[in-house]
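In what follows, a single structure is set out as structure tokens and then discussed.
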Amino acid sequence: MSAPAQASSDRYPGEAGVEVANITKSFGPDEARVTVLNGVSLTIRKGEFVSLIGPSGCGKSTLLKVVAGLSDADGGKVSINGKSAREASREKAIGLVPQSPALLPWRTILDNVSLPISINPGANAGRKLRDPKEILTNFGLGKAIDRYPAQLSGGMQQRAAIARAFVFDPEILLMDEPFSALDEMNRDQQRMGLLDFWQSNQKSVLFVTHSVPEAIILSDRIVLMAAHPGRIAEIIDVDLPRPRNEALYATDAFRDLEGYVRNALRKVMEAAHV
Amino acid sequence: MSSSIAADVAPKAKTASPMARLAGDWLPPAITFVVVAVLWQVVALNNPYVLPTLESIGNSMAGDPHMYWANMLVTCQEIVIGAGAGILFGFLLAVAMSELPIIEKAIMPLIVVIMVTPVVAIAPALVVAFGFGMLPKYIVTGLVVFFPMLVNSLAGLRDVDQKALDVFKTLHASRWETFRDLRLPGCMPFVFAGLRIAMPLAVVGAAVAEFVAAGQQAGLGSLVTISAAQADLPVTWASIALLCLLGVVLVSLLALLRKRVLWWSDADVIGR
Ligand SMILES: Nc1ncnc2c1ncn2[C@@H]1O[C@H](COP(=O)(O)OP(=O)(O)OP(=O)(O)O)[C@@H](O)[C@H]1O
Ligand SMILES: [Mg+2]
């Protein structure tokens with residue numbers, strides 16, 4: 001099982017944050033078993049932002065759950081700083097941002113964001129915990145700390161959910177389409193907020209999205225997945241300068257890359273329909 | 001022009017005076033009660049063997065308040081102890097079942113069997129077994145509230161937000177942490193729905209228990225059976241009225257408690 005990482009990940013020498021090696025996963029009863037992930041290998045360097053994009057049902061959420069230790073793979077290995085996903089969660093090394101904010105409606109925003117600090121406190125030792133108030137201020141929620149989730153807009157709730165994932169300073173953040181429930185204008189605002197925050201706190205991120213521009217503006221690399229069975233079709237480097245901001249959308253380099261990614265995505269989709 | 005007029009009128013329509021609001025809330029039901037009372041009197045005056053007049057009921061209560069008070073206390077005691085134990089036990093068993101599914105597998109069928117057996121049929125058997133004391137009454141009252149509490153609490157404990165549960169799992173939250181911070185507060189809307197069903201049932205349970213075992217221990221339910229057997233209609237209806245009052249008080253107390261505990265579950269209440 002200790003096969004060396006794929007040649008492609010050698011482009012990133014140095015400390016590997018997350019290593020996903022040859023993951024297979026299938027669902028269903030024996031006679032009608034469907035392979036959802038087939039030999040997925042991927043490396044996320046420390047401090048690297050990696051997006052996962054691909055057709056609906058190709059296994060993005062499944063892969064995220066395997067990396068999070070929420071679901072066991074049939075084969076292959078996940079290692080987070082050299083530890084298994086389960087060990088990593090025991091040490092609170094994983095910050096999860098689910099598709100819906102999943103805030104606790106009976107807790108204030110401040111208490112919601114403080115939750116990961118109070119849970120499993122044994123794993124807090126030697127960790128650079130953040131001040132929940134300060135992180136909420138960073139996310140533009142300084143005035144909302146004493147409010148309850150139901151009193152906030154969808155975008156504000158999602159920002160609180162992201163703040164909750166950053167507050168305990170995990171090694172890796174896993175985000176499953178965190179902005180998918182928002183309207184386009186709100187989405188763009190939230191992704192810029194995330195971009196700003198991440199650029200000043202570079203953490204390893206695995207970010208599932210359906211939006212090509214979102215993947216490009218945020219990521220260092222885009223992992224394009226194909227469906228049936230779910231596998232990695234292509235890994236695209238995003239060689240755009242950092243720090244980035246909205247101005248990047250208007251550049252030729254961005255547009256060229258967007259065209260390239262869309263084209264690659266189209267090829268993957270067409271191949272699935274043949 | 002027309003828009004400025006509309007703007008002038010609209011706020012006035014919204015901020016009705018407190019007096020007017022009070023009248024709007026209380027007047028319709030008050031009228032209903034008055035109409036029912038008048039109809040009651042008409043029937044009672046013409047058919048004295050069907051219904052007692054309202055003043056004869058009032059006179060009966062005023063004539064012997066100690067007797068009614070003592071009986072009401074007995075019924076209250078059955079509800080507080082019997083239903084209290086039934087509610088607590090139903091909730092605790094739901095917690096045990098949600099934490100250890102094997103417990104549910106093992107005893108749920110037995111509980112269903114007990115619950116489909118009519119309580120009215122069990123009550124006399126309990127009296128034979130435990131005598132005419134309070135114990136069989138506690139058991140019957142507890143039994144009727146137990147099932148709705150168990151079923152609702154269990155549904156609530158299972159109805160966790162899966163995404164929030166995923167967040168707890170990635171933090172490696174202990175079972176206790178997950179229970180304390182997620183399942184327990186999250187199940188409260190279901191628990192209160194269960195209590196809303198259980199409260200009126202508790203009064204029914206206490207009354208039924210007393211019907212069956214109207215021994216030396218009194219209670220409003222026994223008062224109903226004894227007075228009805230003697231065709232003493234004012235006492236019968238006065239006791240029924242007090243049972244009804246007991247139910248109303250319990251349901252109102254529950255509504256108050258719900259507002260304090262469950263403020264977060266009604267989104268527009270938070271906004272105030
Ligand atoms: N628990 C499960 N049991 C059976 N099949 C499952 C389960 N979870 C996922 N699948 C199947 O695995 C496939 C991949 O699902 P997954 O949710 O990972 O897709 P996805 O790429 O996240 O899709 P989307 O973009 O729509 O969110 C789907 O065909 C789905 O039906
Ligand atoms: Mg998905």
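Residues in the structure tokens are named by chain (A, B, ... in the order shown) and by number from 1 within that chain; ligands are numbered from 1 in the order shown.
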
Residue hits in chain B, query chain A, radius 9 Å, only C-alpha atoms, as an mmCIF file with N, CA and C atoms, in the first residue's frame:
```cif
data_model
loop_
_atom_site.group_PDB
_atom_site.id
_atom_site.type_symbol
_atom_site.label_atom_id
_atom_site.label_comp_id
_atom_site.auth_asym_id
_atom_site.auth_seq_id
_atom_site.Cartn_x
_atom_site.Cartn_y
_atom_site.Cartn_z
ATOM 1 N N ASP B 161 -29.385 17.060 12.131
ATOM 2 C CA ASP B 161 -28.881 17.644 10.895
ATOM 3 C C ASP B 161 -27.618 16.859 10.503
ATOM 4 N N GLN B 162 -27.711 16.087 9.386
ATOM 5 C CA GLN B 162 -26.598 15.220 9.006
ATOM 6 C C GLN B 162 -25.325 16.013 8.731
ATOM 7 N N LYS B 163 -25.480 17.211 8.166
ATOM 8 C CA LYS B 163 -24.295 18.028 7.854
ATOM 9 C C LYS B 163 -23.621 18.485 9.146
ATOM 10 N N ALA B 164 -24.444 18.857 10.127
ATOM 11 C CA ALA B 164 -23.868 19.255 11.416
ATOM 12 C C ALA B 164 -23.197 18.048 12.072
ATOM 13 N N LEU B 165 -23.815 16.876 11.920
ATOM 14 C CA LEU B 165 -23.231 15.657 12.478
ATOM 15 C C LEU B 165 -21.873 15.375 11.832
ATOM 16 N N ASP B 166 -21.758 15.618 10.517
ATOM 17 C CA ASP B 166 -20.473 15.453 9.832
ATOM 18 C C ASP B 166 -19.414 16.375 10.447
ATOM 19 N N VAL B 167 -19.811 17.621 10.745
ATOM 20 C CA VAL B 167 -18.869 18.557 11.365
ATOM 21 C C VAL B 167 -18.414 18.010 12.720
ATOM 22 N N PHE B 168 -19.353 17.502 13.503
ATOM 23 C CA PHE B 168 -18.997 16.922 14.810
ATOM 24 C C PHE B 168 -18.052 15.737 14.637
ATOM 25 N N LYS B 169 -18.325 14.904 13.609
ATOM 26 C CA LYS B 169 -17.489 13.717 13.410
ATOM 27 C C LYS B 169 -16.066 14.099 13.025
ATOM 28 N N THR B 170 -15.925 15.112 12.153
ATOM 29 C CA THR B 170 -14.550 15.472 11.753
ATOM 30 C C THR B 170 -13.791 16.088 12.928
ATOM 31 N N LEU B 171 -14.517 16.585 13.930
ATOM 32 C CA LEU B 171 -13.841 17.120 15.122
ATOM 33 C C LEU B 171 -13.574 16.015 16.138
ATOM 34 N N HIS B 172 -13.990 14.788 15.771
ATOM 35 C CA HIS B 172 -13.856 13.656 16.676
ATOM 36 C C HIS B 172 -14.571 13.920 17.997
ATOM 37 N N ALA B 173 -15.769 14.448 17.909
ATOM 38 C CA ALA B 173 -16.573 14.702 19.107
ATOM 39 C C ALA B 173 -16.909 13.372 19.764
ATOM 40 N N SER B 174 -16.884 13.354 21.092
ATOM 41 C CA SER B 174 -17.260 12.133 21.808
ATOM 42 C C SER B 174 -18.774 11.954 21.714
ATOM 43 N N GLU B 177 -20.381 14.515 23.883
ATOM 44 C CA GLU B 177 -20.379 15.863 23.290
ATOM 45 C C GLU B 177 -21.434 15.983 22.197
ATOM 46 N N THR B 178 -21.527 14.928 21.370
ATOM 47 C CA THR B 178 -22.521 14.959 20.305
ATOM 48 C C THR B 178 -23.930 14.997 20.882
ATOM 49 N N ASP B 181 -24.380 18.639 22.793
ATOM 50 C CA ASP B 181 -24.378 19.851 21.976
ATOM 51 C C ASP B 181 -25.221 19.758 20.715
ATOM 52 N N LEU B 182 -25.585 18.535 20.295
ATOM 53 C CA LEU B 182 -26.318 18.420 19.039
ATOM 54 C C LEU B 182 -27.655 17.702 19.201
ATOM 55 N N PRO B 185 -30.285 19.297 22.369
ATOM 56 C CA PRO B 185 -31.028 20.521 22.027
ATOM 57 C C PRO B 185 -31.847 20.340 20.751
ATOM 58 N N GLY B 186 -31.314 19.563 19.799
ATOM 59 C CA GLY B 186 -32.008 19.403 18.523
ATOM 60 C C GLY B 186 -33.316 18.635 18.632
ATOM 61 N N LEU B 262 -37.773 26.854 23.702
ATOM 62 C CA LEU B 262 -37.730 26.580 22.263
ATOM 63 C C LEU B 262 -37.840 27.837 21.419
ATOM 64 N N TRP B 263 -37.466 28.980 21.992
ATOM 65 C CA TRP B 263 -37.563 30.240 21.268
ATOM 66 C C TRP B 263 -36.878 30.166 19.917
ATOM 67 N N TRP B 264 -35.794 29.358 19.817
ATOM 68 C CA TRP B 264 -35.008 29.345 18.585
ATOM 69 C C TRP B 264 -35.701 28.602 17.459
ATOM 70 N N SER B 265 -36.714 27.814 17.794
ATOM 71 C CA SER B 265 -37.290 26.987 16.746
ATOM 72 C C SER B 265 -38.371 27.723 15.956
ATOM 73 N N ALA B 267 -38.686 30.865 13.960
ATOM 74 C CA ALA B 267 -37.768 31.867 13.438
ATOM 75 C C ALA B 267 -38.237 33.300 13.687
ATOM 76 N N ASP B 268 -39.534 33.572 13.540
ATOM 77 C CA ASP B 268 -39.950 34.972 13.651
ATOM 78 C C ASP B 268 -39.991 35.449 15.088
ATOM 79 N N ILE B 270 -37.582 34.959 17.203
ATOM 80 C CA ILE B 270 -36.238 35.446 17.497
ATOM 81 C C ILE B 270 -36.101 36.914 17.103
ATOM 82 N N GLY B 271 -36.749 37.265 15.999
ATOM 83 C CA GLY B 271 -36.578 38.610 15.453
ATOM 84 C C GLY B 271 -37.003 39.724 16.402
#
```

| request: May I ask you to write as a ChimeraX atom specification all residues lying at most 10 Å from ligand 1, with only C-alpha atoms and all ligand atoms counted? | output: /A:25-29,33-37,52-66,71,99,176-177,180,208-210,225-230

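CA of Leu173 (chain A) sits 20.1 Å away from CA of Gly122 (chain A).
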
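Minimum atom-to-atom distance to ligand 2, evaluated using only C-alpha atoms and all ligand atoms, belongs to A:Phe207 out of A:Phe166, A:Phe207, A:Trp198, A:Phe49.
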
| task | Could you pull out the residues in region 10-218 of chain A that DSSP calls strand (DSSP E or B) from the backbone, as a PyMOL selection string? | result | chain A and resi 16-27+34-45+49-53+75-80+83+94-97+172-176+204-208

| Counting only C-alpha atoms, what is within 12 Å of Gln189 (chain A), bar same-chain residues fewer than 6 positions away, as number ranges by chain? | A: 139-140, 155-156, 158-159, 179, 182-183, 195-196, 214, 245-246

How about saving the chosen residues, C-alpha atoms kept, as a PDB file, in the first residue's frame?
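See again_4.pdb below for the written result:
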```pdb
ATOM      1  CA  PHE A 139     -15.260  37.591   7.856  1.00  0.00           C
ATOM      2  CA  GLY A 140     -17.305  40.773   8.182  1.00  0.00           C
ATOM      3  CA  GLY A 155     -24.381  34.411   2.703  1.00  0.00           C
ATOM      4  CA  MET A 156     -23.618  35.484   6.264  1.00  0.00           C
ATOM      5  CA  GLN A 158     -22.108  30.449   5.040  1.00  0.00           C
ATOM      6  CA  ARG A 159     -19.343  32.835   6.093  1.00  0.00           C
ATOM      7  CA  PHE A 179     -21.502  28.674  -2.026  1.00  0.00           C
ATOM      8  CA  LEU A 182     -26.263  31.408  -2.874  1.00  0.00           C
ATOM      9  CA  ASP A 183     -27.303  33.625  -5.755  1.00  0.00           C
ATOM     10  CA  LEU A 195      -9.877  34.325  -1.313  1.00  0.00           C
ATOM     11  CA  ASP A 196      -8.790  37.259   0.866  1.00  0.00           C
ATOM     12  CA  GLU A 214     -14.636  30.075  -9.034  1.00  0.00           C
ATOM     13  CA  ASN A 245      -8.567  39.916  -6.757  1.00  0.00           C
ATOM     14  CA  GLU A 246     -11.591  40.644  -8.964  1.00  0.00           C
TER      15      GLU A 246
END
```

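For Gly84 (chain B), the residues within 10 Å (counting only C-alpha atoms, excluding itself and residues fewer than 6 positions away along the chain) are Gln77, Glu78, Gly90, Tyr138, Thr141, Gly142, Val145, Phe146 and Ala202 of chain B.
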
Go ahead and save the picked residues with all heavy atoms, as a PDB file, in the first residue's frame.
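In the end it all went to result32.pdb:
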```pdb
ATOM      1  N   GLN B  77     -51.967  15.142  42.116  1.00  0.00           N
ATOM      2  CA  GLN B  77     -50.862  14.305  42.582  1.00  0.00           C
ATOM      3  C   GLN B  77     -50.622  13.140  41.616  1.00  0.00           C
ATOM      4  O   GLN B  77     -49.484  12.810  41.290  1.00  0.00           O
ATOM      5  CB  GLN B  77     -51.209  13.777  43.972  1.00  0.00           C
ATOM      6  CG  GLN B  77     -50.055  13.083  44.670  1.00  0.00           C
ATOM      7  CD  GLN B  77     -50.503  12.491  46.004  1.00  0.00           C
ATOM      8  OE1 GLN B  77     -51.482  12.951  46.596  1.00  0.00           O
ATOM      9  NE2 GLN B  77     -49.805  11.481  46.456  1.00  0.00           N
ATOM     10  N   GLU B  78     -51.734  12.540  41.158  1.00  0.00           N
ATOM     11  CA  GLU B  78     -51.590  11.433  40.198  1.00  0.00           C
ATOM     12  C   GLU B  78     -50.915  11.904  38.920  1.00  0.00           C
ATOM     13  O   GLU B  78     -50.078  11.209  38.346  1.00  0.00           O
ATOM     14  CB  GLU B  78     -52.966  10.854  39.862  1.00  0.00           C
ATOM     15  CG  GLU B  78     -53.568  10.040  40.986  1.00  0.00           C
ATOM     16  CD  GLU B  78     -55.081   9.922  40.858  1.00  0.00           C
ATOM     17  OE1 GLU B  78     -55.621  10.318  39.801  1.00  0.00           O
ATOM     18  OE2 GLU B  78     -55.719   9.459  41.812  1.00  0.00           O
ATOM     19  N   GLY B  90     -40.147   7.759  29.512  1.00  0.00           N
ATOM     20  CA  GLY B  90     -40.266   7.716  28.053  1.00  0.00           C
ATOM     21  C   GLY B  90     -39.080   8.401  27.394  1.00  0.00           C
ATOM     22  O   GLY B  90     -38.495   7.883  26.441  1.00  0.00           O
ATOM     23  N   TYR B 138     -50.987   5.861  39.554  1.00  0.00           N
ATOM     24  CA  TYR B 138     -49.740   6.391  38.974  1.00  0.00           C
ATOM     25  C   TYR B 138     -49.368   5.611  37.717  1.00  0.00           C
ATOM     26  O   TYR B 138     -48.959   6.178  36.708  1.00  0.00           O
ATOM     27  CB  TYR B 138     -48.581   6.271  39.970  1.00  0.00           C
ATOM     28  CG  TYR B 138     -48.706   7.117  41.214  1.00  0.00           C
ATOM     29  CD1 TYR B 138     -48.131   6.712  42.416  1.00  0.00           C
ATOM     30  CD2 TYR B 138     -49.385   8.340  41.191  1.00  0.00           C
ATOM     31  CE1 TYR B 138     -48.224   7.490  43.564  1.00  0.00           C
ATOM     32  CE2 TYR B 138     -49.484   9.110  42.334  1.00  0.00           C
ATOM     33  CZ  TYR B 138     -48.918   8.688  43.517  1.00  0.00           C
ATOM     34  OH  TYR B 138     -49.018   9.449  44.633  1.00  0.00           O
ATOM     35  N   THR B 141     -51.720   6.446  34.732  1.00  0.00           N
ATOM     36  CA  THR B 141     -51.435   7.791  34.218  1.00  0.00           C
ATOM     37  C   THR B 141     -50.087   7.819  33.501  1.00  0.00           C
ATOM     38  O   THR B 141     -49.942   8.423  32.434  1.00  0.00           O
ATOM     39  CB  THR B 141     -51.442   8.812  35.379  1.00  0.00           C
ATOM     40  OG1 THR B 141     -52.611   8.605  36.166  1.00  0.00           O
ATOM     41  CG2 THR B 141     -51.443  10.229  34.846  1.00  0.00           C
ATOM     42  N   GLY B 142     -49.105   7.165  34.083  1.00  0.00           N
ATOM     43  CA  GLY B 142     -47.780   7.126  33.471  1.00  0.00           C
ATOM     44  C   GLY B 142     -47.797   6.395  32.139  1.00  0.00           C
ATOM     45  O   GLY B 142     -47.161   6.817  31.171  1.00  0.00           O
ATOM     46  N   VAL B 145     -48.996   8.492  29.038  1.00  0.00           N
ATOM     47  CA  VAL B 145     -48.106   9.531  28.501  1.00  0.00           C
ATOM     48  C   VAL B 145     -46.785   8.949  28.004  1.00  0.00           C
ATOM     49  O   VAL B 145     -46.080   9.583  27.222  1.00  0.00           O
ATOM     50  CB  VAL B 145     -47.800  10.635  29.543  1.00  0.00           C
ATOM     51  CG1 VAL B 145     -49.077  11.327  29.954  1.00  0.00           C
ATOM     52  CG2 VAL B 145     -47.074  10.083  30.746  1.00  0.00           C
ATOM     53  N   PHE B 146     -46.482   7.745  28.464  1.00  0.00           N
ATOM     54  CA  PHE B 146     -45.179   7.155  28.165  1.00  0.00           C
ATOM     55  C   PHE B 146     -44.940   6.994  26.655  1.00  0.00           C
ATOM     56  O   PHE B 146     -43.894   7.387  26.133  1.00  0.00           O
ATOM     57  CB  PHE B 146     -45.079   5.804  28.873  1.00  0.00           C
ATOM     58  CG  PHE B 146     -43.937   4.952  28.440  1.00  0.00           C
ATOM     59  CD1 PHE B 146     -42.655   5.243  28.850  1.00  0.00           C
ATOM     60  CD2 PHE B 146     -44.142   3.858  27.610  1.00  0.00           C
ATOM     61  CE1 PHE B 146     -41.592   4.461  28.454  1.00  0.00           C
ATOM     62  CE2 PHE B 146     -43.086   3.072  27.205  1.00  0.00           C
ATOM     63  CZ  PHE B 146     -41.802   3.382  27.635  1.00  0.00           C
ATOM     64  N   ALA B 202     -52.652  12.906  30.090  1.00  0.00           N
ATOM     65  CA  ALA B 202     -52.388  12.676  31.510  1.00  0.00           C
ATOM     66  C   ALA B 202     -53.674  12.855  32.311  1.00  0.00           C
ATOM     67  O   ALA B 202     -53.955  12.075  33.234  1.00  0.00           O
ATOM     68  CB  ALA B 202     -51.301  13.637  31.997  1.00  0.00           C
TER      69      ALA B 202
END
```

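Taking CA of Pro28 (chain B) as the reference point, CA of Val43 (chain B) is found at 23.0 Å.
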
| said: For Leu257 (chain B), find every residue with an atom within 12 Å (counting only C-alpha atoms), except residues of its own chain fewer than 5 positions away, and show them as a list in words. | reply: Met188, Pro189, Phe192, Leu195, Arg196, Leu250, Val251, Ser252, Leu262 and Trp263 of chain B

Same residues, all heavy atoms, saved as an mmCIF file, in the first residue's frame:
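Result file is part.cif:
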```cif
data_model
loop_
_atom_site.group_PDB
_atom_site.id
_atom_site.type_symbol
_atom_site.label_atom_id
_atom_site.label_comp_id
_atom_site.auth_asym_id
_atom_site.auth_seq_id
_atom_site.Cartn_x
_atom_site.Cartn_y
_atom_site.Cartn_z
ATOM 1 N N MET B 188 -35.490 18.870 21.052
ATOM 2 C CA MET B 188 -36.489 19.547 21.880
ATOM 3 C C MET B 188 -37.812 19.864 21.158
ATOM 4 O O MET B 188 -38.876 19.731 21.753
ATOM 5 C CB MET B 188 -35.895 20.814 22.504
ATOM 6 C CG MET B 188 -35.029 20.507 23.706
ATOM 7 S SD MET B 188 -35.983 19.628 24.964
ATOM 8 C CE MET B 188 -34.777 18.484 25.581
ATOM 9 N N PRO B 189 -37.786 20.277 19.889
ATOM 10 C CA PRO B 189 -39.084 20.504 19.234
ATOM 11 C C PRO B 189 -39.961 19.250 19.239
ATOM 12 O O PRO B 189 -41.171 19.321 19.446
ATOM 13 C CB PRO B 189 -38.696 20.892 17.801
ATOM 14 C CG PRO B 189 -37.337 21.474 17.928
ATOM 15 C CD PRO B 189 -36.665 20.690 19.027
ATOM 16 N N PHE B 192 -41.308 18.579 22.805
ATOM 17 C CA PHE B 192 -42.448 19.421 23.135
ATOM 18 C C PHE B 192 -43.702 19.011 22.373
ATOM 19 O O PHE B 192 -44.810 19.120 22.896
ATOM 20 C CB PHE B 192 -42.113 20.897 22.921
ATOM 21 C CG PHE B 192 -41.486 21.505 24.142
ATOM 22 C CD1 PHE B 192 -40.122 21.429 24.347
ATOM 23 C CD2 PHE B 192 -42.272 22.097 25.109
ATOM 24 C CE1 PHE B 192 -39.541 21.949 25.488
ATOM 25 C CE2 PHE B 192 -41.706 22.626 26.255
ATOM 26 C CZ PHE B 192 -40.337 22.552 26.449
ATOM 27 N N LEU B 195 -44.962 16.286 24.455
ATOM 28 C CA LEU B 195 -45.585 16.787 25.681
ATOM 29 C C LEU B 195 -46.972 17.359 25.402
ATOM 30 O O LEU B 195 -47.893 17.214 26.202
ATOM 31 C CB LEU B 195 -44.700 17.870 26.312
ATOM 32 C CG LEU B 195 -43.453 17.382 27.038
ATOM 33 C CD1 LEU B 195 -42.564 18.554 27.420
ATOM 34 C CD2 LEU B 195 -43.836 16.592 28.277
ATOM 35 N N ARG B 196 -47.093 17.996 24.233
ATOM 36 C CA ARG B 196 -48.384 18.583 23.873
ATOM 37 C C ARG B 196 -49.458 17.499 23.751
ATOM 38 O O ARG B 196 -50.617 17.723 24.071
ATOM 39 C CB ARG B 196 -48.226 19.349 22.545
ATOM 40 C CG ARG B 196 -49.431 20.107 22.088
ATOM 41 C CD ARG B 196 -49.742 21.256 23.029
ATOM 42 N NE ARG B 196 -50.985 21.920 22.651
ATOM 43 C CZ ARG B 196 -52.193 21.402 22.823
ATOM 44 N NH1 ARG B 196 -52.314 20.200 23.356
ATOM 45 N NH2 ARG B 196 -53.275 22.053 22.452
ATOM 46 N N LEU B 250 -52.582 22.843 32.492
ATOM 47 C CA LEU B 250 -51.394 22.085 32.088
ATOM 48 C C LEU B 250 -50.923 22.494 30.701
ATOM 49 O O LEU B 250 -49.728 22.716 30.481
ATOM 50 C CB LEU B 250 -51.711 20.584 32.092
ATOM 51 C CG LEU B 250 -51.723 19.897 33.456
ATOM 52 C CD1 LEU B 250 -52.155 18.448 33.297
ATOM 53 C CD2 LEU B 250 -50.346 19.967 34.095
ATOM 54 N N VAL B 251 -51.862 22.607 29.768
ATOM 55 C CA VAL B 251 -51.490 22.955 28.395
ATOM 56 C C VAL B 251 -50.928 24.376 28.338
ATOM 57 O O VAL B 251 -49.963 24.649 27.619
ATOM 58 C CB VAL B 251 -52.702 22.778 27.460
ATOM 59 C CG1 VAL B 251 -52.413 23.360 26.089
ATOM 60 C CG2 VAL B 251 -53.057 21.306 27.333
ATOM 61 N N SER B 252 -51.492 25.295 29.152
ATOM 62 C CA SER B 252 -50.986 26.672 29.154
ATOM 63 C C SER B 252 -49.580 26.743 29.741
ATOM 64 O O SER B 252 -48.712 27.444 29.218
ATOM 65 C CB SER B 252 -51.900 27.593 29.966
ATOM 66 O OG SER B 252 -53.233 27.376 29.610
ATOM 67 N N LEU B 262 -37.773 26.854 23.702
ATOM 68 C CA LEU B 262 -37.730 26.580 22.263
ATOM 69 C C LEU B 262 -37.840 27.837 21.419
ATOM 70 O O LEU B 262 -38.259 27.784 20.279
ATOM 71 C CB LEU B 262 -38.884 25.632 21.921
ATOM 72 C CG LEU B 262 -38.548 24.468 21.014
ATOM 73 C CD1 LEU B 262 -37.398 23.684 21.586
ATOM 74 C CD2 LEU B 262 -39.745 23.569 20.831
ATOM 75 N N TRP B 263 -37.466 28.980 21.992
ATOM 76 C CA TRP B 263 -37.563 30.240 21.268
ATOM 77 C C TRP B 263 -36.878 30.166 19.917
ATOM 78 O O TRP B 263 -37.284 30.780 18.954
ATOM 79 C CB TRP B 263 -36.939 31.351 22.117
ATOM 80 C CG TRP B 263 -35.620 30.936 22.639
ATOM 81 C CD1 TRP B 263 -35.378 30.300 23.817
ATOM 82 C CD2 TRP B 263 -34.368 31.023 21.971
ATOM 83 N NE1 TRP B 263 -34.053 30.007 23.937
ATOM 84 C CE2 TRP B 263 -33.405 30.433 22.809
ATOM 85 C CE3 TRP B 263 -33.964 31.543 20.748
ATOM 86 C CZ2 TRP B 263 -32.081 30.345 22.477
ATOM 87 C CZ3 TRP B 263 -32.632 31.453 20.410
ATOM 88 C CH2 TRP B 263 -31.707 30.856 21.269
#
```

| request: Find the residues around region 91-97 of chain B up to 7 Å (only C-alpha atoms counted), leave out those fewer than 6 positions away in its own chain, and share them as a VMD selection string. | output: chain B and resid 103 to 104 149 to 150 153 to 154

| field | DSSP alpha helix (DSSP H) residues within region 180-269 of chain A, as a VMD selection string | value | chain A and resid 184 to 200 212 to 218 252 to 269
